>>> print(open('entry-v2.tsv').read())   # TSV, C-alpha atoms and all ligand atoms
chain	number	residue	atom	x	y	z
F	492	MET	CA	132.96	-9.32	136.62
F	493	ASP	CA	131.29	-10.64	139.77
F	494	PHE	CA	131.49	-14.27	138.70
F	495	LYS	CA	134.07	-16.54	137.16
F	496	VAL	CA	133.65	-19.68	135.05
F	497	THR	CA	136.63	-21.76	133.93
F	498	PRO	CA	136.94	-25.54	133.52
F	499	TRP	CA	138.54	-25.72	136.98
F	500	GLU	CA	136.76	-23.02	138.91
F	501	VAL	CA	133.25	-21.62	139.21
F	502	GLU	CA	132.81	-18.69	141.54
F	503	GLY	CA	129.98	-16.27	142.33
F	504	GLU	CA	126.47	-16.04	140.96
F	505	VAL	CA	126.73	-16.93	137.29
F	506	ASP	CA	124.97	-14.66	134.78
F	507	TYR	CA	124.31	-17.15	131.98
F	508	ASP	CA	123.28	-14.55	129.40
F	509	LYS	CA	126.55	-12.75	129.93
F	510	LEU	CA	128.38	-16.03	129.62
F	511	ILE	CA	126.81	-16.70	126.21
F	512	LYS	CA	128.20	-13.36	125.04
F	513	GLU	CA	131.57	-13.79	126.68
F	514	PHE	CA	132.08	-17.33	125.35
F	515	GLY	CA	130.56	-16.50	121.96
F	516	THR	CA	128.03	-19.34	122.01
F	517	SER	CA	124.39	-19.11	120.86
F	518	PRO	CA	121.26	-19.28	122.98
F	519	LEU	CA	119.19	-22.43	122.49
F	520	THR	CA	116.18	-20.76	120.90
F	521	ASP	CA	112.56	-21.87	120.77
F	522	THR	CA	113.02	-22.37	117.03
F	523	ILE	CA	115.55	-25.11	117.72
F	524	LEU	CA	113.42	-26.61	120.49
F	525	ASN	CA	110.42	-26.69	118.17
F	526	ARG	CA	112.53	-28.44	115.57
F	527	ILE	CA	113.59	-31.09	118.08
F	528	GLU	CA	109.98	-31.59	119.07
F	529	LYS	CA	108.95	-31.93	115.45
F	530	ILE	CA	111.63	-34.51	114.69
F	531	THR	CA	111.27	-36.58	117.86
F	532	GLY	CA	107.70	-35.91	118.97
F	533	GLU	CA	108.79	-34.88	122.45
F	534	ILE	CA	110.80	-32.30	124.30
F	535	HIS	CA	113.01	-33.32	127.22
F	536	PRO	CA	112.37	-31.38	130.47
F	537	PHE	CA	116.01	-30.25	130.44
F	538	LEU	CA	115.32	-28.51	127.15
F	539	ARG	CA	111.87	-27.23	128.03
F	540	ARG	CA	113.24	-25.70	131.22
F	541	LYS	CA	116.31	-24.22	129.57
F	542	ILE	CA	118.64	-26.24	131.75
F	543	PHE	CA	120.37	-26.80	128.43
F	544	PHE	CA	120.41	-23.18	127.38
F	545	SER	CA	123.23	-22.60	124.93
F	546	HIS	CA	124.90	-24.34	122.00
F	547	ARG	CA	127.31	-24.27	119.12
F	548	ASP	CA	125.95	-25.61	115.81
F	549	PHE	CA	123.28	-27.83	117.34
F	550	ASP	CA	121.01	-26.78	114.47
F	551	TRP	CA	123.61	-28.17	112.07
F	552	ILE	CA	123.56	-31.48	113.98
F	553	LEU	CA	119.81	-31.61	113.33
F	554	ASP	CA	120.35	-30.72	109.66
F	555	MET	CA	122.79	-33.61	109.29
F	556	TYR	CA	120.47	-35.98	111.12
F	557	GLU	CA	117.58	-35.06	108.86
F	558	LYS	CA	119.77	-35.61	105.82
F	559	GLY	CA	120.53	-39.10	107.08
F	560	THR	CA	124.00	-38.57	108.57
F	561	PRO	CA	123.93	-39.86	112.13
F	562	PHE	CA	125.85	-37.97	114.77
F	563	ALA	CA	128.01	-39.20	117.63
F	564	ILE	CA	127.80	-37.89	121.20
F	565	TYR	CA	130.87	-37.09	123.28
F	566	THR	CA	131.07	-36.14	126.94
F	567	GLY	CA	133.37	-36.83	129.86
F	568	ARG	CA	134.25	-36.76	133.49
F	569	GLY	CA	137.21	-35.59	135.55
F	570	PRO	CA	137.54	-38.26	138.25
F	571	SER	CA	138.45	-36.16	141.29
F	572	GLY	CA	135.91	-37.72	143.66
F	573	HIS	CA	132.55	-39.39	143.77
F	574	THR	CA	129.92	-38.50	141.20
F	575	HIS	CA	127.25	-36.02	142.28
F	576	LEU	CA	123.88	-35.15	140.77
F	577	GLY	CA	125.32	-32.14	138.94
F	578	HIS	CA	127.71	-34.43	137.06
F	579	MET	CA	124.91	-36.79	136.13
F	580	MET	CA	122.65	-34.19	134.48
F	581	PRO	CA	124.53	-34.11	131.16
F	582	TRP	CA	124.77	-37.92	131.24
F	583	ILE	CA	121.02	-38.23	131.66
F	584	PHE	CA	120.69	-35.94	128.68
F	585	CYS	CA	123.20	-38.00	126.65
F	586	SER	CA	121.22	-41.13	127.38
F	587	TYR	CA	118.07	-39.43	126.12
F	588	LEU	CA	119.91	-38.27	122.97
F	589	GLN	CA	121.31	-41.75	122.30
F	590	LYS	CA	117.89	-43.36	122.58
F	591	THR	CA	116.07	-40.69	120.61
F	592	PHE	CA	118.56	-40.24	117.79
F	593	ASP	CA	120.18	-43.70	117.82
F	594	ALA	CA	123.61	-42.13	118.24
F	595	THR	CA	126.96	-43.61	119.20
F	596	MET	CA	128.33	-42.37	122.52
F	597	TYR	CA	131.91	-41.67	123.63
F	598	PHE	CA	132.81	-41.05	127.28
F	599	GLN	CA	136.24	-39.78	128.26
F	600	ILE	CA	137.47	-40.07	131.84
F	601	THR	CA	140.40	-37.76	132.48
F	602	ASP	CA	142.38	-39.62	135.12
F	603	ASP	CA	145.48	-37.82	133.79
F	604	GLU	CA	143.96	-34.34	134.08
F	605	LYS	CA	142.82	-34.68	137.66
F	606	PHE	CA	146.17	-36.12	138.69
F	607	MET	CA	148.09	-33.30	137.03
F	608	HIS	CA	145.74	-30.56	138.21
F	609	ARG	CA	145.26	-31.60	141.80
F	610	ARG	CA	148.28	-31.66	144.07
F	611	ASP	CA	146.41	-33.73	146.63
F	612	LEU	CA	145.46	-36.59	144.29
F	613	SER	CA	147.70	-39.47	143.30
F	614	LEU	CA	147.39	-41.14	139.93
F	615	GLU	CA	146.28	-44.32	141.70
F	616	GLN	CA	143.47	-42.36	143.34
F	617	THR	CA	142.17	-40.70	140.18
F	618	ARG	CA	142.25	-44.09	138.45
F	619	ILE	CA	140.17	-45.64	141.20
F	620	TYR	CA	137.66	-42.81	140.95
F	621	ALA	CA	137.73	-43.16	137.16
F	622	TYR	CA	136.36	-46.69	137.18
F	623	ASP	CA	134.00	-45.88	140.01
F	624	ASN	CA	132.58	-42.84	138.17
F	625	ALA	CA	132.20	-44.94	135.02
F	626	LEU	CA	129.55	-46.98	136.84
F	627	ASP	CA	127.42	-43.88	137.36
F	628	PHE	CA	127.67	-43.11	133.68
F	629	ILE	CA	126.80	-46.62	132.50
F	630	ALA	CA	123.90	-46.72	135.01
F	631	GLN	CA	122.11	-44.13	132.87
F	632	GLY	CA	121.14	-46.94	130.50
F	633	PHE	CA	123.51	-46.64	127.56
F	634	ASP	CA	123.56	-49.23	124.78
F	635	PRO	CA	126.73	-51.34	125.22
F	636	GLU	CA	126.89	-51.92	121.47
F	637	LYS	CA	127.10	-48.21	120.75
F	638	THR	CA	128.79	-46.74	123.80
F	639	PHE	CA	132.53	-46.44	124.38
F	640	VAL	CA	134.07	-45.54	127.72
F	641	PHE	CA	137.79	-44.92	128.21
F	642	THR	CA	140.25	-43.36	130.61
F	643	ASP	CA	143.04	-41.30	129.10
F	644	ILE	CA	145.73	-43.47	130.68
F	645	ASP	CA	144.24	-46.75	129.50
F	646	TYR	CA	143.45	-45.55	125.98
F	647	ALA	CA	146.53	-43.38	125.64
F	648	LYS	CA	147.91	-44.90	122.49
F	649	THR	CA	144.90	-44.11	120.33
F	650	LEU	CA	144.22	-40.76	121.95
F	651	TYR	CA	147.82	-39.62	121.78
F	652	SER	CA	148.12	-39.99	118.04
F	653	ILE	CA	145.08	-37.73	117.61
F	654	ALA	CA	146.22	-35.34	120.34
F	655	VAL	CA	149.63	-34.64	118.77
F	656	LYS	CA	147.95	-33.54	115.55
F	657	ILE	CA	145.82	-31.12	117.53
F	658	ALA	CA	148.67	-29.92	119.75
F	659	LYS	CA	150.84	-29.08	116.76
F	660	ASN	CA	148.23	-26.54	115.70
F	661	VAL	CA	147.61	-24.82	119.05
F	662	THR	CA	150.08	-22.29	120.43
F	663	PHE	CA	150.98	-21.55	124.03
F	664	SER	CA	149.65	-18.03	123.63
F	665	THR	CA	146.25	-19.43	122.63
F	666	VAL	CA	145.89	-21.76	125.61
F	667	LYS	CA	147.23	-19.03	127.87
F	668	ALA	CA	144.51	-16.69	126.69
F	669	VAL	CA	141.75	-19.31	126.68
F	670	PHE	CA	142.53	-21.11	129.95
F	671	GLY	CA	144.52	-18.50	131.84
F	672	PHE	CA	147.62	-20.73	132.09
F	673	LYS	CA	150.62	-19.11	133.75
F	674	ASN	CA	154.35	-19.69	133.78
F	675	SER	CA	153.80	-21.64	136.98
F	676	THR	CA	151.27	-24.01	135.31
F	677	ASN	CA	152.75	-27.47	134.92
F	678	ILE	CA	153.45	-28.52	131.34
F	679	GLY	CA	151.11	-31.51	131.61
F	680	MET	CA	148.16	-29.17	131.97
F	681	ILE	CA	149.40	-27.04	129.10
F	682	PHE	CA	149.30	-30.06	126.78
F	683	PHE	CA	146.11	-31.44	128.29
F	684	PRO	CA	143.63	-29.45	126.14
F	685	ALA	CA	144.80	-31.55	123.18
F	686	ILE	CA	143.85	-34.70	125.11
F	687	GLN	CA	140.37	-33.42	125.91
F	688	ALA	CA	139.96	-32.32	122.29
F	689	ALA	CA	141.00	-35.71	120.87
F	690	PRO	CA	137.72	-37.59	121.46
F	691	CYS	CA	135.95	-35.00	119.28
F	692	PHE	CA	137.68	-36.72	116.35
F	693	LEU	CA	137.60	-40.27	117.70
F	694	PRO	CA	134.17	-41.11	116.19
F	695	SER	CA	135.54	-40.27	112.72
F	696	GLU	CA	138.54	-42.54	113.31
F	697	LEU	CA	136.63	-45.48	114.80
F	698	GLU	CA	133.52	-45.28	112.65
F	699	LYS	CA	135.61	-44.70	109.50
F	700	ARG	CA	133.49	-41.80	108.28
F	701	LYS	CA	133.52	-38.02	108.70
F	702	ALA	CA	131.27	-38.00	111.78
F	703	PRO	CA	129.31	-35.04	113.14
F	704	VAL	CA	129.81	-34.88	116.92
F	705	VAL	CA	127.83	-33.07	119.58
F	706	ILE	CA	129.12	-32.52	123.10
F	707	PRO	CA	126.55	-32.15	125.89
F	708	ALA	CA	128.38	-30.69	128.91
F	709	ALA	CA	128.22	-27.94	131.47
F	710	ILE	CA	129.15	-24.56	130.01
F	711	ASP	CA	132.48	-24.44	131.89
F	712	GLN	CA	133.95	-26.97	129.42
F	713	ASP	CA	133.27	-24.78	126.39
F	714	PRO	CA	136.79	-23.29	126.18
F	715	TYR	CA	138.05	-26.69	125.06
F	716	TRP	CA	135.61	-26.82	122.17
F	717	ARG	CA	136.56	-23.35	121.04
F	718	ILE	CA	140.12	-24.56	120.49
F	719	THR	CA	139.03	-27.85	118.95
F	720	ARG	CA	136.75	-26.08	116.51
F	721	ASP	CA	139.62	-23.88	115.37
F	722	VAL	CA	141.76	-26.84	114.31
F	723	ALA	CA	139.07	-29.32	113.17
F	724	GLU	CA	138.77	-28.45	109.50
F	725	LYS	CA	142.50	-28.19	109.00
F	726	LEU	CA	142.75	-31.79	110.19
F	727	GLY	CA	139.91	-32.96	107.93
F	728	TYR	CA	137.15	-33.27	110.54
F	729	TYR	CA	133.89	-31.44	111.17
F	730	LYS	CA	133.91	-28.87	113.93
F	731	PRO	CA	132.36	-30.44	117.02
F	732	ALA	CA	128.98	-29.04	118.00
F	733	ALA	CA	128.13	-28.44	121.63
F	734	ILE	CA	125.08	-28.09	123.83
F	735	HIS	CA	125.62	-26.52	127.23
F	736	ASN	CA	123.84	-26.90	130.54
F	737	ILE	CA	123.73	-24.56	133.51
F	738	PHE	CA	125.01	-25.76	136.89
F	739	LEU	CA	122.90	-27.55	139.43
F	740	PRO	CA	123.10	-25.16	142.40
F	741	SER	CA	124.92	-26.03	145.58
F	742	LEU	CA	122.63	-26.94	148.47
F	743	GLU	CA	124.35	-24.25	150.48
F	744	GLY	CA	123.15	-21.31	148.45
F	745	PRO	CA	122.26	-19.94	145.04
F	746	SER	CA	125.76	-19.15	143.80
F	747	GLY	CA	128.26	-21.46	142.22
F	748	LYS	CA	127.95	-25.06	141.10
F	749	MET	CA	127.59	-28.15	143.23
F	750	SER	CA	131.10	-28.98	144.18
F	751	ALA	CA	132.58	-32.39	144.82
F	752	SER	CA	135.08	-30.71	147.15
F	753	LEU	CA	132.32	-29.46	149.46
F	754	GLU	CA	130.78	-32.62	150.83
F	755	GLU	CA	127.70	-31.00	152.30
F	756	SER	CA	126.83	-28.92	149.26
F	757	ALA	CA	126.18	-31.83	146.93
F	758	ILE	CA	124.24	-35.09	146.74
F	759	PHE	CA	126.52	-37.92	145.69
F	760	SER	CA	125.48	-41.02	143.78
F	761	VAL	CA	126.64	-43.20	146.67
F	762	ASP	CA	124.89	-41.22	149.45
F	763	THR	CA	122.71	-43.12	151.91
F	764	PRO	CA	119.14	-42.06	152.74
F	765	GLN	CA	120.54	-40.61	155.99
F	766	ASP	CA	123.11	-38.51	154.08
F	767	VAL	CA	120.40	-37.24	151.76
F	768	LYS	CA	118.07	-36.35	154.58
F	769	LYS	CA	120.74	-34.50	156.49
F	770	LYS	CA	121.92	-32.50	153.48
F	771	VAL	CA	118.43	-31.60	152.30
F	772	MET	CA	117.20	-30.65	155.78
F	773	ASN	CA	120.21	-28.30	156.09
F	774	ALA	CA	119.81	-26.82	152.62
F	775	PHE	CA	119.53	-23.10	151.95
F	776	THR	CA	115.89	-22.17	151.22
F	777	GLY	CA	113.88	-19.09	150.38
F	778	GLY	CA	111.95	-19.48	153.61
F	779	ARG	CA	111.24	-16.84	156.27
F	780	GLU	CA	112.59	-16.64	159.79
F	781	THR	CA	109.47	-17.90	161.50
F	782	LYS	CA	106.47	-20.05	160.71
F	783	GLU	CA	104.13	-17.05	161.17
F	784	GLU	CA	106.10	-14.88	158.77
F	785	GLN	CA	106.17	-17.69	156.22
F	786	GLN	CA	102.40	-18.15	156.46
F	787	ASN	CA	101.76	-14.41	156.16
F	788	LEU	CA	104.35	-13.39	153.59
F	789	GLY	CA	105.13	-16.63	151.75
F	790	GLY	CA	108.54	-17.98	150.75
F	791	ASN	CA	110.79	-17.05	147.85
F	792	PRO	CA	111.30	-19.98	145.45
F	793	ASP	CA	113.57	-17.89	143.22
F	794	VAL	CA	116.44	-18.08	145.69
F	795	CYS	CA	115.54	-21.49	147.13
F	796	THR	CA	117.87	-24.41	146.43
F	797	VAL	CA	115.17	-26.90	147.40
F	798	TYR	CA	112.88	-25.46	144.75
F	799	GLN	CA	115.76	-25.55	142.27
F	800	TYR	CA	116.16	-29.28	142.87
F	801	TYR	CA	112.52	-29.84	142.02
F	802	TYR	CA	112.97	-27.66	138.95
F	803	PHE	CA	116.13	-29.38	137.74
F	804	MET	CA	115.34	-33.03	138.37
F	805	PHE	CA	112.72	-33.93	140.89
F	806	GLU	CA	109.48	-32.51	139.52
F	807	PRO	CA	109.34	-33.04	135.77
F	808	ARG	CA	105.60	-32.25	135.58
F	809	ASP	CA	105.14	-28.56	134.82
F	810	ASP	CA	101.71	-28.25	136.43
F	811	ALA	CA	102.86	-29.87	139.68
F	812	LEU	CA	105.89	-27.62	139.78
F	813	LEU	CA	103.77	-24.53	139.36
F	814	GLU	CA	101.44	-25.71	142.08
F	815	ARG	CA	104.37	-26.12	144.42
F	816	LYS	CA	105.65	-22.67	143.58
F	817	GLU	CA	102.29	-21.09	144.27
F	818	ALA	CA	101.87	-23.00	147.51
F	819	CYS	CA	105.26	-21.62	148.57
F	820	THR	CA	104.73	-17.98	147.64
F	821	SER	CA	101.27	-17.96	149.20
F	822	GLY	CA	102.64	-19.35	152.48
F	823	GLU	CA	100.54	-22.46	152.23
F	824	ILE	CA	103.45	-24.89	152.65
F	825	LEU	CA	106.46	-24.61	154.93
F	826	CYS	CA	110.08	-25.39	154.08
F	827	GLY	CA	110.21	-28.42	156.36
F	828	HIS	CA	107.45	-30.05	154.34
F	829	CYS	CA	109.05	-29.23	151.01
F	830	LYS	CA	112.44	-30.50	152.16
F	831	LYS	CA	111.07	-33.76	153.50
F	832	GLU	CA	109.37	-34.51	150.24
F	833	LEU	CA	112.47	-33.66	148.26
F	834	ALA	CA	114.64	-35.91	150.46
F	835	HIS	CA	112.12	-38.64	149.78
F	836	ARG	CA	112.26	-38.19	146.03
F	837	ILE	CA	116.05	-38.00	145.93
F	838	THR	CA	116.31	-41.15	148.02
F	839	ALA	CA	113.91	-43.01	145.75
F	840	TYR	CA	115.95	-41.89	142.75
F	841	LEU	CA	119.26	-42.90	144.33
F	842	THR	CA	117.99	-46.27	145.46
F	843	GLU	CA	117.17	-47.09	141.84
F	844	HIS	CA	120.40	-45.57	140.62
F	845	GLN	CA	122.48	-47.55	143.10
F	846	LYS	CA	120.94	-50.79	141.86
F	847	LYS	CA	121.79	-49.91	138.26
F	848	ARG	CA	125.24	-48.86	139.38
F	849	GLU	CA	125.88	-52.30	140.84
F	850	LYS	CA	124.66	-53.98	137.67
F	851	ALA	CA	127.01	-51.73	135.70
F	852	ARG	CA	129.96	-53.35	137.48
F	853	ASP	CA	129.34	-56.59	135.59
F	854	MET	CA	128.84	-54.76	132.31
F	855	LEU	CA	131.87	-52.51	132.54
F	856	ASP	CA	134.03	-54.60	130.21
F	857	GLN	CA	131.46	-54.37	127.44
F	858	PHE	CA	131.89	-50.60	127.42
F	859	LEU	CA	135.62	-50.11	127.91
F	860	LEU	CA	138.13	-49.15	125.25
F	861	LYS	CA	141.76	-49.91	126.10
F	862	ASP	CA	144.89	-50.12	124.00
C	1	LIG	N1	137.54	-31.90	132.02
C	1	LIG	C1	136.30	-32.51	132.39
C	1	LIG	C2	136.12	-32.40	133.91
C	1	LIG	O1	136.98	-32.02	134.63
C	1	LIG	C3	136.20	-33.93	131.94
C	1	LIG	C4	135.90	-34.08	130.47
C	1	LIG	C5	136.69	-34.65	129.52
C	1	LIG	C6	134.72	-33.66	129.81
C	1	LIG	N2	136.09	-34.61	128.31
C	1	LIG	C7	134.89	-34.02	128.45
C	1	LIG	C8	133.55	-33.04	130.24
C	1	LIG	C9	133.88	-33.75	127.51
C	1	LIG	C10	132.57	-32.78	129.32
C	1	LIG	C11	132.74	-33.12	127.96
C	1	LIG	O2	135.07	-32.72	134.40
>>> encode(input="entry-v2.tsv", output="structure tokens", more="lines below")
Ligand code: TRP
Amino acid sequence: MDFKVTPWEVEGEVDYDKLIKEFGTSPLTDTILNRIEKITGEIHPFLRRKIFFSHRDFDWILDMYEKGTPFAIYTGRGPSGHTHLGHMMPWIFCSYLQKTFDATMYFQITDDEKFMHRRDLSLEQTRIYAYDNALDFIAQGFDPEKTFVFTDIDYAKTLYSIAVKIAKNVTFSTVKAVFGFKNSTNIGMIFFPAIQAAPCFLPSELEKRKAPVVIPAAIDQDPYWRITRDVAEKLGYYKPAAIHNIFLPSLEGPSGKMSASLEESAIFSVDTPQDVKKKVMNAFTGGRETKEEQQNLGGNPDVCTVYQYYYFMFEPRDDALLERKEACTSGEILCGHCKKELAHRITAYLTEHQKKREKARDMLDQFLLKD
């Protein structure tokens, strides 16, 4: 295997078709997309472009919805640093799902996980990031009446009583096989999958009904849902459904995901226009060595991170995207031009986001669950 995807590590150039087979998920087919379009009258660019590309039981979520049983959405964040654009993609998608399907939304922030996993982070630090990251989530425009945000430490009492029921039904040999835990893994991490599984059942507990749940998240989190699905029915809940996105590429090259640990490879929610400009101007492109070569031979958008950024978030119009692609491959536009425009668009996006993020500070209490 020339790539590796686990919840804590993504290495190499990911082959997403292989991953579907390896993880045992299902591709998000056109049949499902057509169904979504029929129900809602639209199709989100993330779906149209197969940025969300895989799922477990998403068709069942639609069945339930059509039968009049609303679903809940669950996603989360490991607060190990500032939020970057790659983290925000699933949240943007959650916000769209909440608005379109009038769903309740649950957001787990794993201050415990990041403290236990990362030697270099104190619990104080992950808790500071937790509440800072929460602002980026809330800034996506969630309904405070229907959205619940919690950190594991501050909502421990409720989560723990669900987690112990899960943990009792999951053996060490299972988590060893699923997560690759070793004898040297600390016991906090070995128990932790039960904590990340717990919010899958939280909607049923809080909404006092057997609630269908769908989890939009990057594909690296899927191992958790595999375990949760195995215990769900035994505990009287539905198996959680999932819908998986691919990773936003690192600005430094086509392989791997944007990483919060590599400052230059990612655009953070708190970046200034200067930061953005610098990172984008230094990004890896599919351009040629010289201007002449580029004009004669054209660039290669398929390996270009700048093009990928347009594709993922910054050019939602299909015709404009195609135009850009053709202008690149024909040598009509140069990388400098393409980068400048991207930096511009990202800055405009972040300026808006940062305003919403500040407003979220005053709204935080309306969203938080504590016990
Ligand atoms: N473990 C995740 C991370 O490190 C955080 C998380 C908790 C999460 N619950 C989730 C992510 C549900 C997606 C969906 O980022």
>>> residues_near_ligand(input="entry-v2.tsv", ligand="ligand LIG 1 (chain C)", cutoff="10 Å", atoms="all atoms listed in the file", output="number ranges by chain")
F: 498-500, 564-571, 578, 581-582, 597-602, 604-605, 608, 642-643, 683-684, 686-691, 705-713, 715-716, 733, 735
>>> atom_distance(input="entry-v2.tsv", atom1="CA of Asp645 in chain F", atom2="CA of Ala702 in chain F")
23.6 Å
>>> residues_around(input="entry-v2.tsv", residues="Arg779 in chain F", least_positions_apart="4", cutoff="10 Å", atoms="only C-alpha atoms", output="JSON, numbers by chain")
{"F": [783, 784, 785, 786, 787, 788, 789, 790, 791, 822, 825, 826]}
>>> atom_distance(input="entry-v2.tsv", atom1="CA of Thr665 in chain F", atom2="CA of Phe544 in chain F")
26.5 Å
>>> atom_distance(input="entry-v2.tsv", atom1="CA of Lys816 in chain F", atom2="CA of Glu533 in chain F")
24.6 Å
>>> residues_around(input="entry-v2.tsv", residues="Val496 in chain F", least_positions_apart="5", cutoff="8 Å", atoms="all atoms listed in the file", output="list in words")
Val501, Glu502, Val505 and Asp711 of chain F
>>> write_last_selection(input="entry-v2.tsv", atoms="C-alpha atoms", output="PDB file, in the coordinates of the input")
ATOM      1  CA  VAL F 501     133.250 -21.620 139.210  1.00  0.00           C
ATOM      2  CA  GLU F 502     132.810 -18.690 141.540  1.00  0.00           C
ATOM      3  CA  VAL F 505     126.730 -16.930 137.290  1.00  0.00           C
ATOM      4  CA  ASP F 711     132.480 -24.440 131.890  1.00  0.00           C
TER       5      ASP F 711
END
>>> residues_around(input="entry-v2.tsv", residues="Ile530 in chain F", least_positions_apart="4", cutoff="12 Å", atoms="only C-alpha atoms", output="JSON, numbers by chain")
{"F": [523, 524, 525, 526, 534, 553, 554, 556, 557, 591, 592]}
>>> closest_residue(input="entry-v2.tsv", among="F:Met580, F:Ala839, F:Val722, F:Leu693", to="Thr595 in chain F", atoms="all atoms listed in the file")
F:Leu693
>>> residues_around(input="entry-v2.tsv", residues="Lys725 in chain F", least_positions_apart="5", cutoff="10 Å", atoms="all atoms listed in the file", output="VMD selection string")
chain F and resid 657 660 720 730
